[in-house]
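The next block holds one structure in the form of structure tokens; read it before the comments.
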Amino acid sequence: MSASKRQIALVGFLQAQNCTTIPAAWRHPEARHDVTSVDFYQHIAKVLERGLFDLGFFDDRLAMPDMYGGDHRHTVENGIRCVKLDAVTVLTTMGMVTKNLGLGATYSTTYFPPFHVARLFATLDHMSGGRAAWNVVTSVNDNEAKNMGLDEAPAHDVRYDQADEFMEIVHGHWDTWEADAVVADRASGLYARGDMVHRLDHEGPHYRSRGPFTVPRTPQGHPVVIQAGQSGRGVEFASRWGELLFMSNPSLSRAKENYVAVKSAIEANGRDPDQVKIANLTFPVVGRTMSEAEDRRAAYDLLPNLIDDLSLLSEGLNFDFSEKALEEPLSEEDVAAMTGIQGIRNQVIEVTGNQTPSVKDFVEVSGRGRLAHPVVGGPTELADYFEEWFTAPACDGFVIAGTHMPGAFEDFVDLVVPELQRRGLFRTEYSGSTLRDNLGLTQPVPGAWRR
């Protein structure tokens, strides 16, 4: 895509739960609490489509964040992501009231069979007319494992080794039906050409899956694959499989470095880096003016509490912080025992310059559980920020995370999107009917994943 045609991609970061990714979101005075109602999610879908977002995407975990102290009581009492609905079911209701908005959901390669995941998202792609996306995760903590019948989560690199094979099976099944296989000829009695439907017969170190797959090739060829790994092994995985990559870079300089590094890794895997979009996680606090936005930020900072931070750190790092004093430096053994999201641990070590940071260091540097590194301003300031990052280039788009639902998205769509459009940075209408059309991604060639 030429530089003159390059435009920002926007992704709405969603949670089918009682709060946004920030636990304090439910405490916001304008937050809706009917998070188990269909109207709640359909309203958000309509707002995102009105704002011409590429897609709404649900993250997910398969457990409450109750690693801290080994008890769920604090989770429920403080409303820390304690309600979690099935995201794909929610997406189908959102698809019913939209025509162009992409529909993305998280599904784990560790706890579900590859055939099931392949069929689930291929079906969603058909039912939505080519708008489905799958966010691939390997899952991070032991509480998810215990809910799914295991004692603990597999080791970090083992999860990714399994996930590589998982992706080979899913893509293999997605390629089962050639595009013109279905004939449905009443006169001849031929429904589909037998020589154009293939059986996978996969047998590998972690999985066996025979086929043939039961869902014909989808409107997009196959759903868009999302990935968000930022550890060394995670980037290796993402550069091989991902088509839309989520990054979380706190500074422009870091984002520019990672953008070049990840695009180079994609190219080293024999893929076109222009066919993989990188979107940076962003927490906008929007007002009609800078002054109003700053007041909103100050009010929001009064909502979180320390238990939010410690609970989500324990969940994300798969490490119980409850027996550590806030100022206490952790031991080398403690740090090594953090088997969850390696990017959190590595960032804290890098920023502090200390191989054994304190609990307080983890709270302050990670910002987990709080509104960390927000972008605060009116339409002009927000558009300036997005333009600087996009043109650097430090990303191809942004994952917009709301401070509260649904008002944060309403403010962004009403105030920021028009300014981005005025500057020619963002579309004024959808360019096609499928998610690939709007992201500028081509149809995948069957078998290309085997490179």
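Naming works like this for the structure tokens: A, B, ... for the chains as they're shown, residue 1 at the start of each chain, ligands 1 onward in shown order.
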
Would you write out, as JSON lines, a table of all residues in range 331-445 of chain A that have an atom no more than 12 Å from an atom of range 150-162 of chain A, listing for each the closest atom pair and the distance in Å to one decimal, considering only C-alpha atoms and ordering rows by chain and rising residue number?
```
{"residue": "A:Ala336", "atom": "CA", "partner": "A:His156", "partner_atom": "CA", "distance": 11.9}
{"residue": "A:Ala337", "atom": "CA", "partner": "A:Ala155", "partner_atom": "CA", "distance": 10.6}
{"residue": "A:Met338", "atom": "CA", "partner": "A:His156", "partner_atom": "CA", "distance": 10.0}
{"residue": "A:Thr339", "atom": "CA", "partner": "A:His156", "partner_atom": "CA", "distance": 6.4}
{"residue": "A:Gly340", "atom": "CA", "partner": "A:His156", "partner_atom": "CA", "distance": 7.3}
{"residue": "A:Ile341", "atom": "CA", "partner": "A:His156", "partner_atom": "CA", "distance": 8.6}
{"residue": "A:Gln342", "atom": "CA", "partner": "A:His156", "partner_atom": "CA", "distance": 8.5}
{"residue": "A:Gly343", "atom": "CA", "partner": "A:His156", "partner_atom": "CA", "distance": 11.8}
```

Inset, instruction - as a ChimeraX atom specification, list the residues of range 140-370 of chain A assigned to strand (DSSP E) by DSSP on the backbone atoms of this structure. - result: /A:182-185,190-192,202-203,208-209,224-227,244-247,277-282,284-286

Taking only residues of range 274-360 of chain A that have an atom at most 12 Å from an atom of range 23-38 of chain A, what is each one's shortest atom pair and its distance in Å to one decimal, using only C-alpha atoms, in chain and number order, as CSV?
```
residue,atom,partner,partner_atom,distance
A:Arg296,CA,A:His28,CA,10.5
A:Arg297,CA,A:His28,CA,11.5
A:Ala299,CA,A:His28,CA,9.1
A:Tyr300,CA,A:His28,CA,7.4
A:Asp301,CA,A:Ala24,CA,9.2
A:Leu302,CA,A:Ala24,CA,9.2
A:Leu303,CA,A:Ala24,CA,5.6
A:Pro304,CA,A:Ala24,CA,5.0
A:Asn305,CA,A:Ala24,CA,8.0
A:Leu306,CA,A:Ala24,CA,10.9
A:Ile307,CA,A:Pro23,CA,10.0
A:Asp308,CA,A:Pro23,CA,6.5
A:Asp309,CA,A:Pro23,CA,9.0
A:Leu310,CA,A:Pro23,CA,11.6
A:Ser311,CA,A:Pro23,CA,10.0
A:Leu312,CA,A:Pro23,CA,8.9
```

Inset, instruction - Give me the residues within 10 Å of Gly70 in chain A as a ChimeraX atom specification, counting only C-alpha atoms and dropping any in the same chain fewer than 5 places off. - result: /A:65,143,314,320,322

Inset, instruction - Would you list the contacts of Ser253 in chain A as a PyMOL selection string, taking every protein, DNA or RNA residue within 12 Å and counting only C-alpha atoms, but skipping same-chain residues closer than 4 positions in sequence? - result: chain A and resi 249+257-260+388-389+392-395

Hey, can you spit out that residue selection with N, CA and C atoms as a tab-separated table (two decimals), in the first residue's frame?
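Listed below is the output, part_3.tsv:
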```
chain	number	residue	atom	x	y	z
A	249	ASN	N	3.25	-0.48	23.67
A	249	ASN	CA	4.49	0.29	23.80
A	249	ASN	C	4.20	1.59	24.53
A	257	GLU	N	11.11	1.35	17.47
A	257	GLU	CA	12.09	0.25	17.46
A	257	GLU	C	11.38	-1.08	17.26
A	258	ASN	N	10.31	-1.30	18.01
A	258	ASN	CA	9.60	-2.57	17.91
A	258	ASN	C	8.90	-2.73	16.57
A	259	TYR	N	8.42	-1.63	16.02
A	259	TYR	CA	7.76	-1.68	14.70
A	259	TYR	C	8.74	-2.20	13.65
A	260	VAL	N	9.94	-1.65	13.65
A	260	VAL	CA	10.96	-2.10	12.69
A	260	VAL	C	11.35	-3.55	12.95
A	388	GLU	N	1.29	11.57	15.02
A	388	GLU	CA	2.72	11.43	15.25
A	388	GLU	C	3.15	9.96	15.26
A	389	TRP	N	2.41	9.13	15.96
A	389	TRP	CA	2.76	7.71	16.04
A	389	TRP	C	2.57	7.02	14.70
A	392	ALA	N	5.23	8.14	12.03
A	392	ALA	CA	6.64	7.95	12.40
A	392	ALA	C	7.43	6.99	11.49
A	393	PRO	N	7.00	5.77	11.15
A	393	PRO	CA	5.82	5.08	11.69
A	393	PRO	C	6.19	4.26	12.92
A	394	ALA	N	5.28	4.25	13.88
A	394	ALA	CA	5.44	3.41	15.06
A	394	ALA	C	4.36	2.34	15.12
A	395	CYS	N	3.35	2.45	14.25
A	395	CYS	CA	2.25	1.49	14.21
A	395	CYS	C	1.44	1.74	12.95
```

Counting only C-alpha atoms, which residues in range 148-195 of chain A sit no more than 7 Å from range 89-113 of chain A? For each one, give the nearest pair of atoms and the distance in Å, sorted by chain then residue number, as CSV.
```
residue,atom,partner,partner_atom,distance
A:Met148,CA,A:Tyr111,CA,6.6
A:Arg159,CA,A:Thr110,CA,6.8
A:Ala163,CA,A:Thr109,CA,5.7
A:Phe166,CA,A:Thr109,CA,6.6
```
